[in-house]
Amino acid sequence: MLDKPYKTAVIQVEKKGRSLEMNNFRISQPEEFWFGSYDPSLLKDLNRKRLAKLPPECNTIFEYDLESDQFKGYTKPGKKCLISRNDKKTYLDSRIILGEDFYSSWDIGRNLVDDVQVWGATSGPFIFKKKKKEL
């Protein structure tokens with residue numbers, strides 16, 4: 001599973017009024033960095049020249065939910081973040097929750113015409129829990 005990571009991207013978060021906006025960058029030849037979380041020396045060649053910014057329509061908008069004490073994010077509305085998978089044109093529908101000790105991400109590719117799910121997890125989001133650093 002380590003040689004097939006869930007996501008290989010770089011993100012940049014900007015404050016926009018009362019919300020946050022996450023910009024996404026695709027990495028050229030991402031497989032060179034797959035094990036970087038285990039061996040940070042592998043990230044030494046990761047620089048701006050290796051990144052391509054995705055269109056702003058693919059940004060994620062986060063709003064803070066006071067009741068749950070979490071940031072909740074979603075892809076910008078409008079079906080404009082287009083992704084081709086298996087020769088099918090789809091739009092990205094991401095739903096992300098960022099809590100104090102977890103990150104939940106559910107990326108769904110939907111049909112442009114009827115909004116039916118074409119790709120992505122079918123049984124819910126991926127949930128990543130924060131690990132405490134051992135000294």
# chains A, B, ... in the order shown; residues from 1 in each chain; ligands from 1
$ residues_around --residues "Lys15 of chain A" --least-positions-apart "3" --cutoff "12 Å" --atoms "only C-alpha atoms" --output "PyMOL selection string"
chain A and resi 12+18-23+60-64
$ residues_around --residues "Leu98 of chain A" --least-positions-apart "3" --cutoff "7 Å" --atoms "only C-alpha atoms" --output "PDB file with all heavy atoms, in the first residue's frame"
ATOM      1  N   GLN A  70     -14.604  22.062  14.125  1.00  0.00           N
ATOM      2  CA  GLN A  70     -13.894  21.483  12.984  1.00  0.00           C
ATOM      3  C   GLN A  70     -13.986  22.427  11.794  1.00  0.00           C
ATOM      4  O   GLN A  70     -14.912  23.230  11.695  1.00  0.00           O
ATOM      5  CB  GLN A  70     -14.530  20.149  12.572  1.00  0.00           C
ATOM      6  CG  GLN A  70     -14.531  19.106  13.635  1.00  0.00           C
ATOM      7  CD  GLN A  70     -15.380  17.905  13.245  1.00  0.00           C
ATOM      8  OE1 GLN A  70     -16.205  17.961  12.332  1.00  0.00           O
ATOM      9  NE2 GLN A  70     -15.182  16.804  13.945  1.00  0.00           N
ATOM     10  N   PHE A  71     -13.027  22.277  10.887  1.00  0.00           N
ATOM     11  CA  PHE A  71     -13.123  22.946   9.600  1.00  0.00           C
ATOM     12  C   PHE A  71     -13.741  21.956   8.631  1.00  0.00           C
ATOM     13  O   PHE A  71     -13.308  20.809   8.536  1.00  0.00           O
ATOM     14  CB  PHE A  71     -11.741  23.374   9.098  1.00  0.00           C
ATOM     15  CG  PHE A  71     -11.209  24.587   9.785  1.00  0.00           C
ATOM     16  CD1 PHE A  71     -10.382  24.472  10.895  1.00  0.00           C
ATOM     17  CD2 PHE A  71     -11.530  25.856   9.320  1.00  0.00           C
ATOM     18  CE1 PHE A  71      -9.893  25.589  11.522  1.00  0.00           C
ATOM     19  CE2 PHE A  71     -11.040  26.988   9.944  1.00  0.00           C
ATOM     20  CZ  PHE A  71     -10.215  26.854  11.059  1.00  0.00           C
ATOM     21  N   LYS A  72     -14.766  22.407   7.901  1.00  0.00           N
ATOM     22  CA  LYS A  72     -15.430  21.550   6.925  1.00  0.00           C
ATOM     23  C   LYS A  72     -15.205  22.153   5.538  1.00  0.00           C
ATOM     24  O   LYS A  72     -15.429  23.344   5.326  1.00  0.00           O
ATOM     25  CB  LYS A  72     -16.913  21.418   7.241  1.00  0.00           C
ATOM     26  CG  LYS A  72     -17.126  20.710   8.569  1.00  0.00           C
ATOM     27  CD  LYS A  72     -18.562  20.429   8.855  1.00  0.00           C
ATOM     28  CE  LYS A  72     -18.666  19.642  10.167  1.00  0.00           C
ATOM     29  NZ  LYS A  72     -20.034  19.295  10.483  1.00  0.00           N
ATOM     30  N   PHE A 102      -7.558  14.675  13.486  1.00  0.00           N
ATOM     31  CA  PHE A 102      -7.839  13.822  12.319  1.00  0.00           C
ATOM     32  C   PHE A 102      -8.071  14.664  11.062  1.00  0.00           C
ATOM     33  O   PHE A 102      -8.317  15.866  11.121  1.00  0.00           O
ATOM     34  CB  PHE A 102      -9.059  12.931  12.570  1.00  0.00           C
ATOM     35  CG  PHE A 102     -10.361  13.677  12.483  1.00  0.00           C
ATOM     36  CD1 PHE A 102     -11.107  13.669  11.312  1.00  0.00           C
ATOM     37  CD2 PHE A 102     -10.851  14.401  13.567  1.00  0.00           C
ATOM     38  CE1 PHE A 102     -12.306  14.370  11.233  1.00  0.00           C
ATOM     39  CE2 PHE A 102     -12.043  15.090  13.492  1.00  0.00           C
ATOM     40  CZ  PHE A 102     -12.771  15.077  12.316  1.00  0.00           C
ATOM     41  N   TYR A 103      -7.986  13.971   9.936  1.00  0.00           N
ATOM     42  CA  TYR A 103      -8.248  14.549   8.618  1.00  0.00           C
ATOM     43  C   TYR A 103      -9.102  13.524   7.890  1.00  0.00           C
ATOM     44  O   TYR A 103      -8.729  12.358   7.770  1.00  0.00           O
ATOM     45  CB  TYR A 103      -6.916  14.779   7.902  1.00  0.00           C
ATOM     46  CG  TYR A 103      -7.015  15.213   6.463  1.00  0.00           C
ATOM     47  CD1 TYR A 103      -7.236  16.539   6.132  1.00  0.00           C
ATOM     48  CD2 TYR A 103      -6.840  14.300   5.420  1.00  0.00           C
ATOM     49  CE1 TYR A 103      -7.291  16.951   4.810  1.00  0.00           C
ATOM     50  CE2 TYR A 103      -6.896  14.698   4.100  1.00  0.00           C
ATOM     51  CZ  TYR A 103      -7.118  16.027   3.800  1.00  0.00           C
ATOM     52  OH  TYR A 103      -7.174  16.433   2.493  1.00  0.00           O
ATOM     53  N   SER A 104     -10.256  13.937   7.428  1.00  0.00           N
ATOM     54  CA  SER A 104     -11.178  13.056   6.725  1.00  0.00           C
ATOM     55  C   SER A 104     -11.355  13.598   5.307  1.00  0.00           C
ATOM     56  O   SER A 104     -11.655  14.779   5.125  1.00  0.00           O
ATOM     57  CB  SER A 104     -12.515  13.041   7.468  1.00  0.00           C
ATOM     58  OG  SER A 104     -13.523  12.490   6.670  1.00  0.00           O
TER      59      SER A 104
END
$ residues_around --residues "Pro55 of chain A" --least-positions-apart "6" --cutoff "10 Å" --atoms "only C-alpha atoms" --output "PyMOL selection string"
chain A and resi 23-25+80-82
$ atom_distance --atom1 "atom CA of Trp106 of chain A" --atom2 "atom CA of Lys16 of chain A"
22.9 Å
$ closest_residue --among "A:Asp101, A:Asp39, A:Trp34, A:Ile11" --to "Cys58 of chain A" --atoms "only C-alpha atoms"
A:Ile11
$ decode --residues "segment 20-36 of chain A" --atoms "N, CA, C and O atoms" --output "short mmCIF file (atom, residue, chain, number, x, y, z; two decimals), in the first residue's frame"
data_model
loop_
_atom_site.label_atom_id
_atom_site.label_comp_id
_atom_site.auth_asym_id
_atom_site.auth_seq_id
_atom_site.Cartn_x
_atom_site.Cartn_y
_atom_site.Cartn_z
N LEU A 20 -11.22 29.55 4.65
CA LEU A 20 -9.91 29.19 4.14
C LEU A 20 -10.10 28.57 2.77
O LEU A 20 -11.09 27.90 2.51
N GLU A 21 -9.14 28.81 1.89
CA GLU A 21 -9.19 28.20 0.55
C GLU A 21 -7.92 27.41 0.33
O GLU A 21 -6.81 27.91 0.53
N MET A 22 -8.09 26.15 -0.06
CA MET A 22 -6.96 25.25 -0.29
C MET A 22 -6.69 25.13 -1.78
O MET A 22 -7.54 24.69 -2.55
N ASN A 23 -5.48 25.58 -2.19
CA ASN A 23 -5.02 25.43 -3.57
C ASN A 23 -4.29 24.10 -3.68
O ASN A 23 -3.55 23.71 -2.77
N ASN A 24 -4.46 23.43 -4.80
CA ASN A 24 -3.85 22.12 -5.01
C ASN A 24 -2.81 22.18 -6.13
O ASN A 24 -3.05 22.81 -7.16
N PHE A 25 -1.71 21.50 -5.92
CA PHE A 25 -0.63 21.44 -6.89
C PHE A 25 -0.32 19.98 -7.20
O PHE A 25 -0.12 19.17 -6.30
N ARG A 26 -0.28 19.66 -8.47
CA ARG A 26 0.10 18.32 -8.92
C ARG A 26 1.63 18.27 -8.95
O ARG A 26 2.29 19.23 -9.32
N ILE A 27 2.18 17.12 -8.56
CA ILE A 27 3.64 16.93 -8.55
C ILE A 27 4.03 16.14 -9.78
O ILE A 27 3.45 15.09 -10.07
N SER A 28 5.04 16.64 -10.51
CA SER A 28 5.54 15.85 -11.64
C SER A 28 6.39 14.71 -11.08
O SER A 28 7.16 14.89 -10.15
N GLN A 29 6.19 13.53 -11.62
CA GLN A 29 6.86 12.31 -11.18
C GLN A 29 6.72 12.10 -9.67
O GLN A 29 7.72 11.98 -8.94
N PRO A 30 5.49 12.03 -9.18
CA PRO A 30 5.26 11.93 -7.74
C PRO A 30 5.85 10.68 -7.09
O PRO A 30 6.16 10.68 -5.91
N GLU A 31 6.03 9.63 -7.88
CA GLU A 31 6.55 8.39 -7.31
C GLU A 31 7.93 8.58 -6.67
O GLU A 31 8.32 7.82 -5.78
N GLU A 32 8.66 9.61 -7.08
CA GLU A 32 9.97 9.88 -6.49
C GLU A 32 9.85 10.32 -5.02
O GLU A 32 10.83 10.27 -4.28
N PHE A 33 8.67 10.73 -4.59
CA PHE A 33 8.48 11.27 -3.25
C PHE A 33 7.58 10.41 -2.37
O PHE A 33 7.29 10.77 -1.24
N TRP A 34 7.11 9.28 -2.88
CA TRP A 34 6.12 8.48 -2.18
C TRP A 34 6.52 8.11 -0.76
O TRP A 34 5.67 8.02 0.11
N PHE A 35 7.77 7.87 -0.49
CA PHE A 35 8.18 7.42 0.84
C PHE A 35 8.76 8.56 1.67
O PHE A 35 9.39 8.35 2.69
N GLY A 36 8.52 9.81 1.24
CA GLY A 36 9.06 10.98 1.91
C GLY A 36 8.58 11.17 3.33
O GLY A 36 9.29 11.77 4.15
#
